[in-house]
Structure formats: structure tokens, C-alpha cells
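Q: Structure: coords_14.cif, mmCIF, C-alpha atoms.
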data_work
loop_
_atom_site.label_atom_id
_atom_site.label_comp_id
_atom_site.auth_asym_id
_atom_site.auth_seq_id
_atom_site.Cartn_x
_atom_site.Cartn_y
_atom_site.Cartn_z
CA MET A 27 92.85 86.42 40.78
CA PHE A 28 94.33 85.92 44.22
CA ARG A 29 93.29 89.44 45.26
CA THR A 30 89.75 88.82 44.03
CA LEU A 31 89.62 85.59 46.00
CA MET A 32 90.79 87.29 49.20
CA VAL A 33 88.20 90.06 48.79
CA ARG A 34 85.50 87.45 48.30
CA LEU A 35 86.63 85.54 51.39
CA PHE A 36 86.63 88.63 53.63
CA GLN A 37 83.15 89.54 52.40
CA LYS A 38 81.82 86.30 53.88
CA LYS A 39 80.75 87.19 57.42
CA ALA A 40 80.00 83.56 58.25
CA LEU A 41 83.52 82.62 57.17
CA LEU A 42 85.04 85.28 59.42
CA PHE A 43 82.84 84.31 62.37
CA SER A 44 83.52 80.58 62.11
CA GLY A 45 87.19 81.26 61.39
CA ALA A 46 87.45 83.33 64.58
CA ILE A 47 86.01 80.44 66.61
CA ILE A 48 88.44 77.99 65.03
CA LEU A 49 91.34 80.37 65.68
CA ILE A 50 90.35 80.64 69.35
CA MET A 51 90.23 76.85 69.60
CA PHE A 52 93.71 76.54 68.13
CA VAL A 53 94.96 79.15 70.60
CA LEU A 54 93.64 76.87 73.36
CA VAL A 55 95.45 73.95 71.74
CA LEU A 56 98.78 75.76 71.58
CA PHE A 57 98.67 77.58 74.92
CA ALA A 58 96.71 75.16 77.10
CA PRO A 59 99.39 75.02 79.86
CA VAL A 60 99.36 78.82 80.08
CA LEU A 61 95.59 79.37 79.90
CA ALA A 62 94.44 76.51 82.15
CA PRO A 63 94.15 77.70 85.78
CA HIS A 64 94.88 74.24 87.24
CA ASP A 65 96.40 70.91 86.38
CA PRO A 66 93.55 69.02 84.66
CA ASN A 67 94.40 65.67 86.24
CA ILE A 68 94.94 66.65 89.89
CA ILE A 69 92.37 64.89 92.08
CA ASP A 70 91.09 66.77 95.12
CA ILE A 71 88.13 64.97 96.71
CA GLU A 72 87.66 67.76 99.26
CA HIS A 73 86.63 70.11 96.43
CA LYS A 74 84.50 67.70 94.41
CA LEU A 75 81.33 68.90 92.64
CA GLN A 76 81.86 72.51 93.63
CA ALA A 77 79.85 75.31 92.07
CA PRO A 78 81.61 77.91 89.90
CA SER A 79 83.89 80.17 91.92
CA TRP A 80 86.87 82.47 91.46
CA ASP A 81 89.31 79.56 91.83
CA PHE A 82 87.21 77.23 89.67
CA PRO A 83 85.33 79.34 87.08
CA LEU A 84 83.21 76.40 85.87
CA GLY A 85 83.29 74.38 89.07
CA THR A 86 84.80 70.96 89.66
CA ASP A 87 83.87 67.42 88.71
CA HIS A 88 83.23 64.37 90.91
CA LEU A 89 86.97 64.00 91.56
CA GLY A 90 87.57 67.65 92.38
CA ARG A 91 89.27 68.41 89.06
CA CYS A 92 88.89 71.86 87.50
CA ILE A 93 86.33 71.62 84.68
CA LEU A 94 87.65 74.67 82.83
CA SER A 95 91.19 73.27 82.83
CA ARG A 96 89.96 69.93 81.54
CA LEU A 97 87.96 71.62 78.78
CA ILE A 98 91.01 73.58 77.68
CA TYR A 99 93.25 70.52 77.67
CA GLY A 100 90.43 68.56 76.06
CA THR A 101 90.63 70.99 73.14
CA ARG A 102 94.26 69.99 72.68
CA VAL A 103 93.37 66.29 72.67
CA SER A 104 90.11 66.31 70.66
CA LEU A 105 90.90 69.02 68.11
CA GLY A 106 94.61 68.25 67.98
CA THR A 107 94.03 64.56 67.31
CA ALA A 108 91.35 65.25 64.70
CA PHE A 109 93.53 67.82 62.94
CA LEU A 110 96.50 65.45 62.87
CA VAL A 111 94.31 62.62 61.56
CA MET A 112 93.00 64.81 58.74
CA VAL A 113 96.46 66.11 57.79
CA VAL A 114 98.01 62.63 57.58
CA THR A 115 94.91 61.25 55.85
CA MET A 116 94.94 63.99 53.23
CA ILE A 117 98.66 63.57 52.53
CA ILE A 118 98.19 59.84 51.94
CA SER A 119 95.00 60.38 49.93
CA ILE A 120 96.49 63.08 47.71
CA PHE A 121 99.52 60.95 46.88
CA ILE A 122 97.61 57.71 46.18
CA GLY A 123 94.56 59.32 44.53
CA THR A 124 96.64 61.54 42.27
CA TYR A 125 99.00 58.73 41.28
CA ALA A 126 96.19 56.28 40.54
CA GLY A 127 94.08 58.84 38.68
CA TYR A 128 96.92 60.11 36.50
CA LYS A 129 98.59 56.77 35.75
CA GLY A 130 95.44 54.73 35.20
CA GLY A 131 95.77 51.16 33.93
CA ARG A 132 96.42 48.31 36.33
CA ILE A 133 97.43 50.58 39.18
CA ASP A 134 94.12 52.41 39.00
CA TYR A 135 92.23 49.12 38.69
CA LEU A 136 93.95 47.69 41.79
CA PHE A 137 93.24 50.87 43.71
CA MET A 138 89.56 50.77 42.77
CA ARG A 139 89.19 47.17 43.89
CA ILE A 140 90.78 47.98 47.27
CA CYS A 141 88.38 50.90 47.62
CA ASP A 142 85.40 48.72 46.73
CA VAL A 143 86.29 46.25 49.46
CA LEU A 144 86.98 48.81 52.20
CA LEU A 145 84.06 51.09 51.34
CA ALA A 146 81.68 48.12 51.52
CA PHE A 147 81.92 48.36 55.32
CA PRO A 148 80.75 51.34 57.38
CA SER A 149 83.74 53.45 58.43
CA LEU A 150 82.71 53.40 62.10
CA PHE A 151 82.47 49.61 62.01
CA LEU A 152 85.99 49.35 60.59
CA ALA A 153 87.31 51.81 63.17
CA LEU A 154 85.74 49.81 66.00
CA ALA A 155 87.18 46.59 64.58
CA LEU A 156 90.69 48.03 64.27
CA ILE A 157 90.62 49.51 67.76
CA GLY A 158 89.34 46.19 69.06
CA ILE A 159 92.34 44.49 67.47
CA LEU A 160 94.95 47.11 68.34
CA GLY A 161 93.49 48.05 71.73
CA PRO A 162 92.33 51.44 73.04
CA GLY A 163 94.68 54.40 73.31
CA PRO A 164 95.56 57.61 71.46
CA LEU A 165 98.09 56.06 69.06
CA ASN A 166 95.82 53.16 68.11
CA LEU A 167 92.89 55.55 67.73
CA PHE A 168 94.98 57.70 65.39
CA LEU A 169 96.09 54.70 63.30
CA ALA A 170 92.55 53.32 63.09
CA MET A 171 91.11 56.65 61.96
CA VAL A 172 93.75 57.17 59.28
CA LEU A 173 93.46 53.61 57.95
CA VAL A 174 89.69 53.97 57.70
CA GLN A 175 89.49 57.50 56.26
CA TRP A 176 92.16 57.58 53.54
CA VAL A 177 90.25 55.35 51.11
CA PHE A 178 87.24 57.68 50.92
CA TYR A 179 89.28 60.81 50.23
CA ALA A 180 91.71 59.08 47.88
CA ARG A 181 88.82 57.96 45.72
CA ILE A 182 87.38 61.48 45.60
CA ILE A 183 90.78 62.94 44.68
CA ARG A 184 91.21 60.28 42.00
CA GLY A 185 87.93 61.42 40.47
CA MET A 186 89.13 65.04 40.52
CA VAL A 187 92.35 64.08 38.75
CA LEU A 188 90.47 62.06 36.13
CA SER A 189 88.27 65.06 35.31
CA VAL A 190 91.24 67.43 35.06
CA LYS A 191 93.74 65.32 33.13
CA GLU A 192 91.53 65.19 30.05
CA GLN A 193 91.49 68.98 29.71
CA ASN A 194 93.05 70.43 26.58
CA TYR A 195 95.86 72.23 28.38
CA ILE A 196 96.91 68.97 30.06
CA LEU A 197 96.90 67.17 26.70
CA ALA A 198 98.93 70.02 25.21
CA ALA A 199 101.48 69.73 28.02
CA LYS A 200 101.80 65.99 27.34
CA VAL A 201 102.28 66.56 23.62
CA SER A 202 104.96 69.17 24.29
CA GLY A 203 106.94 66.59 26.24
CA THR A 204 106.39 67.89 29.77
CA PRO A 205 107.21 65.12 32.28
CA GLY A 206 104.28 63.58 34.16
CA PRO A 207 105.38 64.70 37.65
CA MET A 208 105.75 68.27 36.40
CA ILE A 209 102.26 68.18 34.89
CA VAL A 210 100.84 67.00 38.19
CA ILE A 211 102.67 69.66 40.21
CA ARG A 212 102.14 72.62 37.88
CA HIS A 213 98.77 71.95 36.26
CA ILE A 214 96.74 69.39 38.24
CA SER A 215 97.61 70.10 41.88
CA PRO A 216 96.58 73.80 41.85
CA VAL A 217 93.16 72.82 40.51
CA ILE A 218 92.37 70.10 43.04
CA LEU A 219 93.98 71.61 46.16
CA SER A 220 91.21 74.16 46.67
CA GLN A 221 88.64 71.36 46.57
CA VAL A 222 90.77 69.30 48.95
CA ALA A 223 90.90 72.26 51.37
CA VAL A 224 87.10 72.43 51.36
CA LEU A 225 86.89 68.70 52.06
CA PHE A 226 89.40 69.09 54.88
CA PHE A 227 87.45 71.77 56.73
CA MET A 228 84.00 70.29 56.09
CA ASP A 229 84.91 66.83 57.34
CA ILE A 230 87.16 67.58 60.31
CA GLY A 231 84.03 68.11 62.42
CA GLY A 232 82.97 64.55 61.68
CA ILE A 233 86.39 63.30 62.78
CA ILE A 234 86.02 65.18 66.07
CA LEU A 235 82.60 63.57 66.60
CA THR A 236 84.02 60.11 65.87
CA ILE A 237 86.95 60.57 68.24
CA SER A 238 84.67 61.88 71.00
CA GLY A 239 82.19 59.07 70.38
CA LEU A 240 84.86 56.38 70.61
CA SER A 241 86.27 57.97 73.76
CA PHE A 242 82.75 58.07 75.22
CA LEU A 243 82.51 54.32 74.60
CA GLY A 244 85.88 53.78 76.29
CA LEU A 245 87.65 52.82 73.04
CA GLY A 246 89.49 56.07 72.35
CA ILE A 247 91.35 58.40 74.68
CA GLN A 248 91.62 56.78 78.09
CA PRO A 249 91.17 58.39 81.54
CA PRO A 250 92.52 60.39 83.22
CA THR A 251 93.43 62.26 80.01
CA ALA A 252 91.07 65.19 79.50
CA GLU A 253 89.02 64.61 76.35
CA TRP A 254 85.51 65.88 75.65
CA GLY A 255 83.90 62.52 74.90
CA ALA A 256 85.59 60.88 77.89
CA MET A 257 84.45 63.80 80.09
CA ILE A 258 80.84 63.18 79.06
CA ASN A 259 81.23 59.49 79.85
CA ASP A 260 82.74 60.23 83.28
CA SER A 261 79.92 62.58 84.24
CA LYS A 262 76.89 60.68 82.94
CA GLN A 263 76.12 59.28 86.40
CA PHE A 264 75.72 62.86 87.64
CA PHE A 265 73.38 63.90 84.84
CA ARG A 266 70.43 64.60 87.14
CA SER A 267 72.24 66.27 90.03
CA HIS A 268 74.96 68.13 88.08
CA PRO A 269 73.97 68.33 84.38
CA SER A 270 76.61 70.99 83.71
CA LEU A 271 79.31 68.30 83.90
CA MET A 272 77.95 66.87 80.63
CA MET A 273 76.77 70.18 79.23
CA TYR A 274 80.17 71.92 79.08
CA PRO A 275 82.05 69.32 76.99
CA GLY A 276 78.92 68.81 74.88
CA LEU A 277 78.83 72.54 74.10
CA MET A 278 82.52 72.48 73.18
CA ILE A 279 81.90 69.64 70.70
CA LEU A 280 78.83 71.40 69.30
CA THR A 281 80.65 74.71 68.89
CA ILE A 282 83.76 73.40 67.16
CA VAL A 283 81.85 71.02 64.85
CA MET A 284 79.42 73.76 63.79
CA ALA A 285 82.32 76.19 63.28
CA PHE A 286 84.19 73.81 60.98
CA ASN A 287 81.04 72.88 59.06
CA LEU A 288 80.13 76.54 58.57
CA PHE A 289 83.71 77.44 57.63
CA GLY A 290 83.96 74.64 55.07
CA ASP A 291 80.54 75.36 53.58
CA THR A 292 81.25 79.09 53.26
CA LEU A 293 84.74 78.43 51.88
CA ARG A 294 83.22 76.19 49.20
CA ASP A 295 80.86 78.99 48.15
CA ALA A 296 83.69 81.54 48.14
CA LEU A 297 85.90 79.33 45.94
CA ASP A 298 83.09 78.59 43.49
CA VAL A 299 84.28 80.23 40.28
CA ARG A 300 80.75 80.12 38.88
CA GLN A 301 79.72 82.89 41.23
CA ASP A 302 79.50 86.44 39.90
#
Take the structure in this file and express it as C-alpha cells.
A:
Amino acid sequence: MFRTLMVRLFQKKALLFSGAIILIMFVLVLFAPVLAPHDPNIIDIEHKLQAPSWDFPLGTDHLGRCILSRLIYGTRVSLGTAFLVMVVTMIISIFIGTYAGYKGGRIDYLFMRICDVLLAFPSLFLALALIGILGPGPLNLFLAMVLVQWVFYARIIRGMVLSVKEQNYILAAKVSGTPGPMIVIRHISPVILSQVAVLFFMDIGGIILTISGLSFLGLGIQPPTAEWGAMINDSKQFFRSHPSLMMYPGLMILTIVMAFNLFGDTLRDALDVRQD
């Protein structure tokens, strides 16, 4: 089965293409200090708004900072933060959603009521409210995103567990005396983890957009830290004279979001057991 799955994955050209883009982005995240030609935060007014050259392959911004270096370090901030948010969110969601869905009863009822309250508000509104209370900054942005996102995924995972735990093989395991935690680990988790992986890759692009949007509004990552949304905000006053200052970070956001969306969508099709 595993071999068949791997063959099916490698037959998906879109999956390989989007996966290559994502891999390149993670290489930038891990090796930003090595790949960046300059320090992204060094200000050099004498070299401001320079055209692309050998020393500055994409030119410089209004403060003389290397655009290429800031884009590379921005990958570490934007993608790294989004990836960390999704990992922590999924860990929390899997634990709470699985526990509530399998146990049921009052615990499940309490969980559903909490979800009803939190999901009644738009997620972006809640994120803005939390950041307004906690204040801007990377740590507060991370906490706000996790606190807002976990409810949505935990509810989805709960629904997955509810649909699986009524299967005959689960009922047989209960009758045979298998402990609940062992049933969850051996029989339920393998079924839902593939669906969770698809959710992870399909939605991480939205997290990147939210982080960049909040940074653009001045509520996320703060200057002088290189972040794509903050870079667009810094360069908006030069939109007419130097549109490339906004174009480069915008293209980075577009590329990585499309890559993750395509990867998640293709992965979902590849994992669909109903396919021939």
C-alpha cells in the first residue's frame, strides 16, 4: 500500500513542481545567513533606491538595504512563522479534537459550546482583537494566530474521529478489551493523519497571507525585521517611482501561497483511495 501511494505521488507532476518550490523556500529559511549577500538591516543612505547591480542583484530600497537579502530573510520570518503556527495549532487540535470526539459526553458538549462561541466571530477579527490586547510583535502574533486557529481544526478533527470510531473494526477492538488510548493510536490516528496533512498544506498559505497582512497593517512583525508584508508597507510610498519594491515581496507571497495550495490540492487527490 505504501509503495502504491509513493508511485501515485511521484506520478503527480503538479505535486513535484509545487514540492520543489516549497523545498527551495525551506532551503532559504534554513540557510538565509549563507545565501543572503548582505545584512538585511544595514542602512546605507548613499546607496538608496539603486538599480539591480552585481553587488545588489535586485537593487536597494529607500534606506539602501539589499532587497534580495531582505527577501531571503523575509522567507525565514514569513514562512517560518506560518509553519510554526500550523505545527503548534495542529498538535493542539489533534489532541483536543481526538479526545473530545472519542470520549463524547460532557467533554464533547463543552468543547462544542466553546467552538460555537469562538467560531461566531471572524478569525481575522479575533486575531486583530488579541493583537490589540497583547500588542504587536512576533511572539504576540504567534500566540494570537494559534489561539484563533486551533478551534477550527479541532472541530474538523473531532468530526473525523466521530466518523471513524463507529466503524466495525473499532467496535470490535472495544469489545476485545483494547484500551482507549491504544485504539486511538493504532486504529484512529492512521486514518485521520493523512487528512490532517492535507489540511496542513492547503491552509498554510492562508496563514502566510494573514501574517503578511497583519504585518502590512503594522500589527505583526515590526520594522526593521525583514518580512514580506512589512516590506510592502515600507515601499508603498514609492509605488509610482519604484514599483519593484512592492513587486518583489508580492511575488514571493504569491509564489509560496500558490505552491502550498497546489501541493495540498494535489496531495488530497493522490491520497483519495476512491481513485483507480
Q: Could you please give me, as a PyMOL selection string, the residues of protein, DNA or RNA lying at most 8 Å from (89.3, 78.6, 89.3) in the coordinate frame of the file, considering all atoms listed in the file?
A: chain A and resi 63-64+78-85+92+94
Q: List every protein, DNA or RNA residue that has at least one atom no more than 12 Å from (85.9, 50.1, 67.1) in the file's coordinates, counting all atoms listed in the file, and write the result as a ChimeraX atom specification.
A: /A:148-163,166-171,174,236-237,239-246
Q: Between A:Met278, A:Val55, A:Ile98, A:Ala180, which one has atoms that come closest to Val222 (chain A), using only C-alpha atoms?
A: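 Between A:Met278, A:Val55, A:Ile98, A:Ala180, the residue approaching Val222 (chain A) most closely is A:Ala180.
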Q: Between A:Gly232, A:Pro207, A:Gly127, A:Gly100, which residue has the minimum interatomic distance to Ile183 (chain A), considering all atoms listed in the file?
A: A:Gly127
Q: Step by step, work through what the PyMOL selection byres ((chain A and resi 87-91) around 10) selects in the shown file, and finish by giving those residues as a PyMOL selection string.
A: chain A and resi 64-77+82+84-86+92-96+257+260-261+263-264+268+270-271
Q: Just to confirm, what's the straight-line distance from CA of Gly123 (chain A) to CA of Asn287 (chain A) in Å (one decimal)?
A: 24.0 Å
Q: Could you give me, as an MDAnalysis selection string, the residues within 12 Å of Ile133 (chain A), counting all atoms listed in the file and dropping anything in the same chain fewer than 5 positions from it?
A: chainID A and resid 122:128 138:140 184
Q: What separation in Å, quoted to one decimal, exists between CA of Ser238 (chain A) and CA of Ala285 (chain A)?
A: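 Result for CA of Ser238 (chain A) versus CA of Ala285 (chain A): 16.4 Å, one decimal.
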Q: Distance CA of Gly130 (chain A)-CA of Ile218 (chain A), one decimal place?
A: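 Separating CA of Gly130 (chain A) from CA of Ile218 (chain A) is a distance of 17.5 Å.
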Q: Which residues are close to Tyr179 (chain A), i.e. within 8 Å by all atoms listed in the file, leaving aside same-chain residues fewer than 2 positions away? Reply as an NGL selection string.
A: :A and (115-116 or 119-120 or 123 or 175-177 or 181-183)
